[in-house]
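Engineer: If it helps, the file is called query-v8.csv and holds CSV, N, CA and C atoms:
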```csv
chain,number,residue,atom,x,y,z
A,72,GLN,N,241.8,147.6,230.9
A,72,GLN,CA,241.9,146.5,231.9
A,72,GLN,C,241.4,145.2,231.4
A,73,VAL,N,242.1,144.2,231.6
A,73,VAL,CA,241.7,142.9,231.1
A,73,VAL,C,240.7,142.3,232.0
A,74,GLN,N,239.6,141.8,231.5
A,74,GLN,CA,238.6,141.1,232.3
A,74,GLN,C,238.3,139.7,231.6
A,75,LEU,N,238.1,138.7,232.5
A,75,LEU,CA,237.7,137.4,232.0
A,75,LEU,C,236.2,137.2,232.5
A,76,VAL,N,235.3,136.8,231.6
A,76,VAL,CA,233.9,136.6,231.9
A,76,VAL,C,233.6,135.2,231.6
A,77,GLU,N,233.2,134.5,232.6
A,77,GLU,CA,232.8,133.1,232.5
A,77,GLU,C,231.2,133.0,232.3
A,78,SER,N,230.8,131.9,231.7
A,78,SER,CA,229.4,131.6,231.5
A,78,SER,C,229.2,130.1,231.3
A,79,GLY,N,228.0,129.6,231.5
A,79,GLY,CA,227.7,128.2,231.2
A,79,GLY,C,227.5,127.3,232.4
A,80,GLY,N,227.7,127.9,233.6
A,80,GLY,CA,227.5,127.1,234.8
A,80,GLY,C,226.0,126.8,235.0
A,81,GLY,N,225.8,126.0,236.0
A,81,GLY,CA,224.4,125.7,236.4
A,81,GLY,C,224.2,124.4,237.1
A,82,LEU,N,223.0,124.0,237.2
A,82,LEU,CA,222.6,122.7,237.9
A,82,LEU,C,222.4,121.6,236.8
A,83,VAL,N,223.0,120.5,237.0
A,83,VAL,CA,222.8,119.4,236.1
A,83,VAL,C,222.7,118.1,236.9
A,84,GLN,N,222.1,117.1,236.4
A,84,GLN,CA,222.0,115.8,237.0
A,84,GLN,C,223.2,115.0,236.8
A,85,PRO,N,223.5,114.1,237.6
A,85,PRO,CA,224.7,113.2,237.4
A,85,PRO,C,224.6,112.5,236.0
A,86,GLY,N,225.7,112.5,235.3
A,86,GLY,CA,225.7,111.9,234.0
A,86,GLY,C,225.5,112.9,232.9
A,87,GLY,N,225.1,114.1,233.3
A,87,GLY,CA,224.8,115.2,232.3
A,87,GLY,C,226.0,115.9,231.9
A,88,SER,N,225.8,116.9,231.0
A,88,SER,CA,226.9,117.7,230.4
A,88,SER,C,226.6,119.2,230.6
A,89,LEU,N,227.7,119.9,230.7
A,89,LEU,CA,227.7,121.4,230.6
A,89,LEU,C,228.9,121.8,229.8
A,90,ARG,N,228.8,123.0,229.2
A,90,ARG,CA,229.9,123.7,228.5
A,90,ARG,C,230.2,125.0,229.1
A,91,LEU,N,231.3,125.2,229.7
A,91,LEU,CA,231.7,126.5,230.2
A,91,LEU,C,232.5,127.3,229.2
A,92,SER,N,232.2,128.6,229.2
A,92,SER,CA,233.0,129.5,228.3
A,92,SER,C,233.6,130.6,229.1
A,93,CYS,N,234.7,131.1,228.6
A,93,CYS,CA,235.4,132.2,229.2
A,93,CYS,C,235.9,133.1,228.1
A,94,ALA,N,235.5,134.4,228.1
A,94,ALA,CA,236.0,135.3,227.1
A,94,ALA,C,236.7,136.5,227.7
A,95,ALA,N,237.7,137.0,227.1
A,95,ALA,CA,238.4,138.1,227.6
A,95,ALA,C,238.0,139.4,226.9
A,96,SER,N,238.0,140.5,227.7
A,96,SER,CA,237.7,141.8,227.2
A,96,SER,C,238.8,142.8,227.7
A,97,GLY,N,239.0,143.9,227.0
A,97,GLY,CA,239.9,144.9,227.4
A,97,GLY,C,241.4,144.6,226.9
A,98,THR,N,241.5,143.7,226.0
A,98,THR,CA,242.8,143.4,225.4
A,98,THR,C,242.6,142.9,224.0
A,99,THR,N,243.6,143.2,223.2
A,99,THR,CA,243.7,142.7,221.8
A,99,THR,C,244.7,141.7,221.6
A,100,PHE,N,245.4,141.4,222.7
A,100,PHE,CA,246.5,140.4,222.7
A,100,PHE,C,246.0,139.0,223.0
A,101,SER,N,246.7,138.1,222.5
A,101,SER,CA,246.3,136.7,222.8
A,101,SER,C,247.1,136.2,224.1
A,102,PHE,N,246.6,135.1,224.6
A,102,PHE,CA,247.2,134.6,225.8
A,102,PHE,C,248.1,133.4,225.5
A,103,GLY,N,249.1,133.2,226.3
A,103,GLY,CA,250.0,132.1,226.1
A,103,GLY,C,249.4,130.8,226.6
A,104,ALA,N,248.6,130.9,227.6
A,104,ALA,CA,247.9,129.7,228.2
A,104,ALA,C,246.7,130.1,228.9
A,105,MET,N,245.7,129.2,228.8
A,105,MET,CA,244.4,129.5,229.5
A,105,MET,C,244.0,128.2,230.3
A,106,SER,N,243.4,128.4,231.4
A,106,SER,CA,243.1,127.2,232.2
A,106,SER,C,241.8,127.3,232.9
A,107,TRP,N,241.3,126.2,233.4
A,107,TRP,CA,240.1,126.2,234.3
A,107,TRP,C,240.6,125.6,235.6
A,108,TYR,N,240.2,126.3,236.7
A,108,TYR,CA,240.4,125.8,238.0
A,108,TYR,C,239.0,125.6,238.7
A,109,ARG,N,239.0,124.9,239.8
A,109,ARG,CA,237.7,124.8,240.5
A,109,ARG,C,238.0,124.7,242.0
A,110,GLN,N,237.0,125.2,242.8
A,110,GLN,CA,237.1,125.1,244.2
A,110,GLN,C,235.8,124.7,244.8
A,111,ALA,N,235.8,123.6,245.5
A,111,ALA,CA,234.7,123.1,246.2
A,111,ALA,C,234.7,123.6,247.6
A,112,PRO,N,233.5,123.6,248.3
A,112,PRO,CA,233.4,124.1,249.6
A,112,PRO,C,234.4,123.4,250.6
A,113,GLY,N,235.2,124.1,251.3
A,113,GLY,CA,236.1,123.5,252.2
A,113,GLY,C,237.4,122.9,251.6
A,114,LYS,N,237.5,123.1,250.3
A,114,LYS,CA,238.7,122.5,249.7
A,114,LYS,C,239.5,123.6,249.0
A,115,GLN,N,240.8,123.2,248.7
A,115,GLN,CA,241.6,124.2,248.0
A,115,GLN,C,241.3,124.2,246.5
A,116,ARG,N,241.6,125.4,245.9
A,116,ARG,CA,241.4,125.5,244.5
A,116,ARG,C,242.4,124.6,243.8
A,117,GLU,N,241.9,123.8,242.8
A,117,GLU,CA,242.7,122.9,242.0
A,117,GLU,C,242.6,123.2,240.5
A,118,LEU,N,243.7,122.9,239.9
A,118,LEU,CA,243.8,123.0,238.4
A,118,LEU,C,243.0,121.9,237.8
A,119,VAL,N,242.0,122.2,236.9
A,119,VAL,CA,241.2,121.1,236.3
A,119,VAL,C,241.8,120.8,234.9
A,120,ALA,N,242.1,121.8,234.1
A,120,ALA,CA,242.6,121.6,232.8
A,120,ALA,C,243.3,122.9,232.3
A,121,SER,N,244.3,122.7,231.4
A,121,SER,CA,244.9,123.9,230.8
A,121,SER,C,245.2,123.6,229.4
A,122,VAL,N,245.3,124.7,228.6
A,122,VAL,CA,245.7,124.6,227.2
A,122,VAL,C,246.6,125.7,226.8
A,123,GLY,N,247.7,125.3,226.1
A,123,GLY,CA,248.7,126.3,225.7
A,123,GLY,C,248.4,126.8,224.3
A,124,SER,N,249.1,127.9,223.9
A,124,SER,CA,248.9,128.5,222.6
A,124,SER,C,249.2,127.5,221.5
A,125,SER,N,250.0,126.5,221.8
A,125,SER,CA,250.3,125.5,220.8
A,125,SER,C,249.2,124.5,220.6
A,126,GLY,N,248.3,124.5,221.6
A,126,GLY,CA,247.2,123.5,221.6
A,126,GLY,C,247.4,122.4,222.5
A,127,SER,N,248.6,122.3,223.2
A,127,SER,CA,248.8,121.2,224.1
A,127,SER,C,247.9,121.4,225.3
A,128,THR,N,247.4,120.3,225.8
A,128,THR,CA,246.5,120.3,226.9
A,128,THR,C,246.9,119.4,228.1
A,129,ASN,N,246.5,119.7,229.3
A,129,ASN,CA,246.7,118.9,230.5
A,129,ASN,C,245.4,118.8,231.3
A,130,TYR,N,245.2,117.7,231.9
A,130,TYR,CA,244.0,117.5,232.7
A,130,TYR,C,244.4,116.9,234.1
A,131,VAL,N,243.6,117.2,235.1
A,131,VAL,CA,243.8,116.5,236.4
A,131,VAL,C,243.2,115.1,236.1
A,132,ASP,N,243.7,114.1,236.8
A,132,ASP,CA,243.4,112.7,236.5
A,132,ASP,C,241.8,112.5,236.7
A,133,SER,N,241.2,113.1,237.6
A,133,SER,CA,239.8,112.9,237.9
A,133,SER,C,238.9,113.3,236.8
A,134,VAL,N,239.3,114.1,235.8
A,134,VAL,CA,238.4,114.5,234.7
A,134,VAL,C,238.9,114.0,233.4
A,135,LYS,N,240.0,113.3,233.3
A,135,LYS,CA,240.5,112.7,232.0
A,135,LYS,C,239.4,111.8,231.4
A,136,GLY,N,239.2,112.0,230.1
A,136,GLY,CA,238.2,111.2,229.4
A,136,GLY,C,236.8,111.8,229.5
A,137,ARG,N,236.6,112.7,230.4
A,137,ARG,CA,235.2,113.3,230.6
A,137,ARG,C,235.2,114.8,230.2
A,138,PHE,N,236.2,115.5,230.4
A,138,PHE,CA,236.3,117.0,230.1
A,138,PHE,C,237.2,117.2,229.0
A,139,THR,N,236.9,118.2,228.2
A,139,THR,CA,237.7,118.7,227.1
A,139,THR,C,237.9,120.2,227.1
A,140,ILE,N,239.1,120.6,227.1
A,140,ILE,CA,239.4,122.1,227.1
A,140,ILE,C,239.8,122.5,225.7
A,141,SER,N,239.4,123.7,225.3
A,141,SER,CA,239.8,124.2,224.0
A,141,SER,C,239.9,125.7,224.0
A,142,MET,N,240.7,126.2,223.1
A,142,MET,CA,240.9,127.7,223.0
A,142,MET,C,240.5,128.1,221.6
A,143,ASN,N,240.0,129.3,221.5
A,143,ASN,CA,239.6,129.8,220.1
A,143,ASN,C,240.8,130.2,219.3
A,144,ASN,N,240.6,130.4,218.0
A,144,ASN,CA,241.8,130.7,217.2
A,144,ASN,C,242.5,132.0,217.6
A,145,ALA,N,241.7,133.0,218.1
A,145,ALA,CA,242.3,134.3,218.5
A,145,ALA,C,243.0,134.1,219.8
A,146,LYS,N,242.9,133.0,220.5
A,146,LYS,CA,243.6,132.7,221.7
A,146,LYS,C,243.2,133.7,222.8
A,147,ASN,N,241.9,134.1,222.8
A,147,ASN,CA,241.4,135.0,223.9
A,147,ASN,C,240.1,134.5,224.5
A,148,ALA,N,239.8,133.2,224.3
A,148,ALA,CA,238.7,132.6,224.9
A,148,ALA,C,239.0,131.1,225.1
A,149,VAL,N,238.4,130.6,226.1
A,149,VAL,CA,238.7,129.2,226.5
A,149,VAL,C,237.3,128.5,226.8
A,150,PHE,N,237.2,127.2,226.5
A,150,PHE,CA,236.0,126.5,226.7
A,150,PHE,C,236.3,125.2,227.5
A,151,LEU,N,235.3,124.7,228.2
A,151,LEU,CA,235.5,123.5,228.9
A,151,LEU,C,234.2,122.7,228.7
A,152,GLN,N,234.3,121.6,227.9
A,152,GLN,CA,233.2,120.7,227.7
A,152,GLN,C,233.2,119.7,228.8
A,153,MET,N,232.2,119.6,229.6
A,153,MET,CA,232.2,118.6,230.7
A,153,MET,C,231.1,117.6,230.5
A,154,ASN,N,231.5,116.4,230.3
A,154,ASN,CA,230.5,115.3,230.1
A,154,ASN,C,230.6,114.3,231.3
A,155,SER,N,229.6,113.5,231.4
A,155,SER,CA,229.5,112.4,232.4
A,155,SER,C,229.8,113.1,233.8
A,156,LEU,N,229.1,114.1,234.1
A,156,LEU,CA,229.4,114.9,235.3
A,156,LEU,C,229.0,114.1,236.5
A,157,ARG,N,229.7,114.3,237.6
A,157,ARG,CA,229.6,113.5,238.9
A,157,ARG,C,229.3,114.5,240.0
A,158,PRO,N,228.7,114.1,241.1
A,158,PRO,CA,228.5,115.0,242.2
A,158,PRO,C,229.8,115.7,242.7
A,159,GLU,N,230.9,114.9,242.6
A,159,GLU,CA,232.1,115.4,243.1
A,159,GLU,C,232.7,116.5,242.2
A,160,ASP,N,232.1,116.7,241.0
A,160,ASP,CA,232.5,117.9,240.2
A,160,ASP,C,231.9,119.2,240.6
A,161,THR,N,231.0,119.1,241.6
A,161,THR,CA,230.4,120.3,242.1
A,161,THR,C,231.4,121.3,242.7
A,162,ALA,N,231.4,122.5,242.2
A,162,ALA,CA,232.4,123.5,242.6
A,162,ALA,C,232.2,124.8,241.9
A,163,VAL,N,232.9,125.8,242.3
A,163,VAL,CA,232.9,127.1,241.5
A,163,VAL,C,234.1,126.9,240.6
A,164,TYR,N,233.9,127.1,239.3
A,164,TYR,CA,234.9,127.0,238.3
A,164,TYR,C,235.4,128.4,237.9
A,165,TYR,N,236.7,128.5,237.9
A,165,TYR,CA,237.3,129.8,237.6
A,165,TYR,C,238.2,129.7,236.3
A,166,CYS,N,238.1,130.7,235.5
A,166,CYS,CA,238.9,130.8,234.3
A,166,CYS,C,240.2,131.6,234.7
A,167,ASN,N,241.3,131.1,234.1
A,167,ASN,CA,242.6,131.7,234.3
A,167,ASN,C,243.3,131.9,233.0
A,168,ALA,N,244.0,133.1,232.8
A,168,ALA,CA,244.7,133.3,231.6
A,168,ALA,C,246.0,134.0,231.9
A,169,ILE,N,247.0,133.6,231.1
A,169,ILE,CA,248.4,134.2,231.3
A,169,ILE,C,248.9,134.8,230.0
A,170,SER,N,249.3,136.0,230.2
A,170,SER,CA,249.8,136.8,229.1
A,170,SER,C,251.2,137.3,229.4
A,171,LEU,N,252.2,137.2,228.5
A,171,LEU,CA,253.5,137.8,228.7
A,171,LEU,C,253.4,139.3,228.9
A,172,ARG,N,252.4,139.9,228.2
A,172,ARG,CA,252.3,141.3,228.2
A,172,ARG,C,251.6,141.9,229.5
A,173,THR,N,250.5,141.2,229.9
A,173,THR,CA,249.7,141.7,230.9
A,173,THR,C,249.6,140.9,232.2
A,174,GLY,N,250.3,139.8,232.2
A,174,GLY,CA,250.4,139.0,233.4
A,174,GLY,C,249.3,137.9,233.6
A,175,GLU,N,248.9,137.6,234.8
A,175,GLU,CA,247.9,136.6,235.1
A,175,GLU,C,246.6,137.2,235.4
A,176,HIS,N,245.5,136.6,234.9
A,176,HIS,CA,244.2,137.1,235.1
A,176,HIS,C,243.2,136.0,235.5
A,177,TRP,N,242.2,136.4,236.3
A,177,TRP,CA,241.2,135.4,236.8
A,177,TRP,C,239.8,136.0,236.5
A,178,GLY,N,238.9,135.0,236.2
A,178,GLY,CA,237.5,135.4,236.1
A,178,GLY,C,236.9,135.4,237.5
A,179,GLN,N,235.6,135.7,237.5
A,179,GLN,CA,234.9,135.8,238.8
A,179,GLN,C,234.3,134.5,239.3
A,180,GLY,N,234.3,133.5,238.4
A,180,GLY,CA,233.8,132.2,238.8
A,180,GLY,C,232.4,131.9,238.4
A,181,THR,N,232.1,130.7,238.1
A,181,THR,CA,230.8,130.2,237.8
A,181,THR,C,230.5,128.9,238.5
A,182,GLN,N,229.3,128.9,239.1
A,182,GLN,CA,228.9,127.7,239.9
A,182,GLN,C,228.5,126.5,239.0
A,183,VAL,N,229.0,125.4,239.3
A,183,VAL,CA,228.6,124.1,238.7
A,183,VAL,C,228.1,123.2,239.8
A,184,THR,N,226.8,122.8,239.7
A,184,THR,CA,226.3,121.9,240.7
A,184,THR,C,225.7,120.6,240.1
A,185,VAL,N,226.2,119.5,240.5
A,185,VAL,CA,225.8,118.2,240.0
A,185,VAL,C,225.0,117.5,241.0
A,186,SER,N,223.7,117.4,240.8
A,186,SER,CA,222.9,116.8,241.8
A,186,SER,C,221.6,116.3,241.2
A,187,SER,N,221.0,115.2,241.8
A,187,SER,CA,219.8,114.7,241.4
A,187,SER,C,218.6,115.3,242.2
```
I'd like the structure from this file rewritten - as structure tokens, please.
Structural biologist:
Amino acid sequence: QVQLVESGGGLVQPGGSLRLSCAASGTTFSFGAMSWYRQAPGKQRELVASVGSSGSTNYVDSVKGRFTISMNNAKNAVFLQMNSLRPEDTAVYYCNAISLRTGEHWGQGTQVTVSS
């Protein structure tokens, strides 16, 4: 059974940085695409950034220039470097992975809180 495990969340002051990691277990196959979503209290889950197996990336406008998504060479882990964090970045961040073999998978989420 494929599982995605996130780490790296926490409390940070405005302007600070965090690096989120998401690693897959239970599979030896690579993913075609991996993404980070976030959901703030009272809001819908939104796509923050995605990366394809070719290395192509996409970002929501609000994080462009501040966040960087990357995938490891084995294409079974994804990272999100978050710089210049703002209070509005506060949310639960979820890892998502898509495989042609095993379908779509979600992590359990990691809390990111930006506050002074």
Engineer: Might you pull out every residue within 8 Å of Gln179 (chain A), with only C-alpha atoms counted and same-chain residues fewer than 4 positions away left off, and present them as a ChimeraX atom specification?
Structural biologist: /A:75-77,165-166
Engineer: Quick one: of A:Ser124, A:Gly174, A:Arg90, A:Thr184, who's nearest to Lys146 (chain A), counting only N, CA and C atoms?
Structural biologist: A:Ser124
Engineer: Using backbone DSSP assignments, extract all strand (DSSP E or B) residues from region 76-182 of chain A; output them as a PyMOL selection string.
Structural biologist: chain A and resi 76-78+81-83+89-96+104-110+117-123+128-130+138-142+148-153+162-170+174-178+181-182
Engineer: Just the residues within 6 Å of His176 (chain A), please, counting all atoms listed in the file, with nothing from its chain fewer than 3 positions along; format it as a list in words.
Structural biologist: Cys166, Asn167, Ala168 and Ile169 of chain A
Engineer: I'd like the neighbourhood of Gly136 (chain A) as a short mmCIF file (atom, residue, chain, number, x, y, z; two decimals) with N, CA and C atoms, keeping the file's coordinate frame, where a residue qualifies if any of its atoms comes within 7 Å (using all atoms listed in the file), though same-chain residues fewer than 3 positions away should be ignored.
Structural biologist:
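Once everything was written out, this is result.cif:
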```cif
data_model
loop_
_atom_site.label_atom_id
_atom_site.label_comp_id
_atom_site.auth_asym_id
_atom_site.auth_seq_id
_atom_site.Cartn_x
_atom_site.Cartn_y
_atom_site.Cartn_z
N SER A 133 241.20 113.10 237.60
CA SER A 133 239.80 112.90 237.90
C SER A 133 238.90 113.30 236.80
N THR A 139 236.90 118.20 228.20
CA THR A 139 237.70 118.70 227.10
C THR A 139 237.90 120.20 227.10
N ASN A 154 231.50 116.40 230.30
CA ASN A 154 230.50 115.30 230.10
C ASN A 154 230.60 114.30 231.30
#
```
Engineer: How would you write, as a list in words, the set of residues in chain A that DSSP gives as helix (DSSP H, G or I)?
Structural biologist: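 Written out, the helix (DSSP H, G or I) residues of chain A are Asp132, Ser133, Val134, Pro158, Glu159 and Asp160 of chain A.
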Engineer: Write out as a Markdown table a residue-level contact list of region 130-170 of chain A versus region 96-119 of chain A with cut-off 8 Å: for each qualifying residue the closest pair of atoms and the distance in Å to one decimal, counting all atoms listed in the file, rows sorted by chain and residue number upward.
Structural biologist:
```
| residue | atom | partner | partner_atom | distance |
| --- | --- | --- | --- | --- |
| A:Tyr130 | CA | A:Val119 | C | 4.5 |
| A:Val131 | N | A:Val119 | C | 4.0 |
| A:Asp132 | N | A:Val119 | C | 7.2 |
| A:Val134 | CA | A:Val119 | C | 7.2 |
| A:Lys135 | N | A:Val119 | C | 7.9 |
| A:Ile140 | CA | A:Trp107 | N | 7.8 |
| A:Ser141 | C | A:Met105 | C | 7.9 |
| A:Met142 | CA | A:Met105 | CA | 7.6 |
| A:Asn144 | C | A:Ser101 | CA | 8.0 |
| A:Ala145 | C | A:Ser101 | CA | 5.2 |
| A:Lys146 | C | A:Phe102 | N | 4.1 |
| A:Asn147 | N | A:Ser101 | CA | 5.1 |
| A:Ala148 | N | A:Phe102 | N | 7.1 |
| A:Val149 | CA | A:Met105 | CA | 6.4 |
| A:Phe150 | C | A:Trp107 | N | 7.8 |
| A:Leu151 | CA | A:Trp107 | CA | 7.6 |
| A:Glu159 | C | A:Ala111 | CA | 8.0 |
| A:Asp160 | C | A:Ala111 | CA | 7.4 |
| A:Thr161 | C | A:Ala111 | CA | 5.1 |
| A:Ala162 | CA | A:Gln110 | C | 4.2 |
| A:Val163 | N | A:Gln110 | C | 4.0 |
| A:Tyr164 | CA | A:Arg109 | CA | 4.2 |
| A:Tyr165 | N | A:Tyr108 | C | 3.8 |
| A:Cys166 | CA | A:Trp107 | CA | 4.8 |
| A:Asn167 | C | A:Ser106 | N | 3.8 |
| A:Ala168 | CA | A:Met105 | CA | 4.4 |
| A:Ile169 | C | A:Gly103 | N | 4.0 |
| A:Ser170 | CA | A:Gly103 | N | 4.6 |
```
Engineer: Within 7 Å of (243.1, 142.0, 234.2), in the coordinates the file gives, what residues turn up when you count only N, CA and C atoms, written out as a list in words?
Structural biologist: Gln72, Val73, Gln74, Leu75, Thr173, Glu175, His176 and Trp177 of chain A
Engineer: Can you measure CA of Ser187 (chain A) to CA of Gln152 (chain A) for me? One decimal in Å is fine.
Structural biologist: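 That distance, rounded to one decimal, is 20.1 Å.
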Engineer: How far is it from CA of Pro85 (chain A) to atom C of Ser186 (chain A), in Å with one decimal?
Structural biologist: 5.8 Å
Engineer: Report, in Å to a single decimal, how far apart CA of Ser78 (chain A) and CA of Arg157 (chain A) are.
Structural biologist: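 CA of Arg157 (chain A) sits 19.6 Å away from CA of Ser78 (chain A).
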Engineer: Identify which of the residues A:Gly86, A:Gly126, A:Gly178, A:Gly79 lies closest to Asn143 (chain A), counting only C-alpha atoms when measuring atom-to-atom distances.
Structural biologist: A:Gly126
Engineer: Measuring between only N, CA and C atoms, which one of A:Ala94, A:Ala120, A:Val185, A:Leu171 shows the shortest distance to Leu156 (chain A)?
Structural biologist: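 Answer, going by the shortest atom-to-atom distance: A:Val185.
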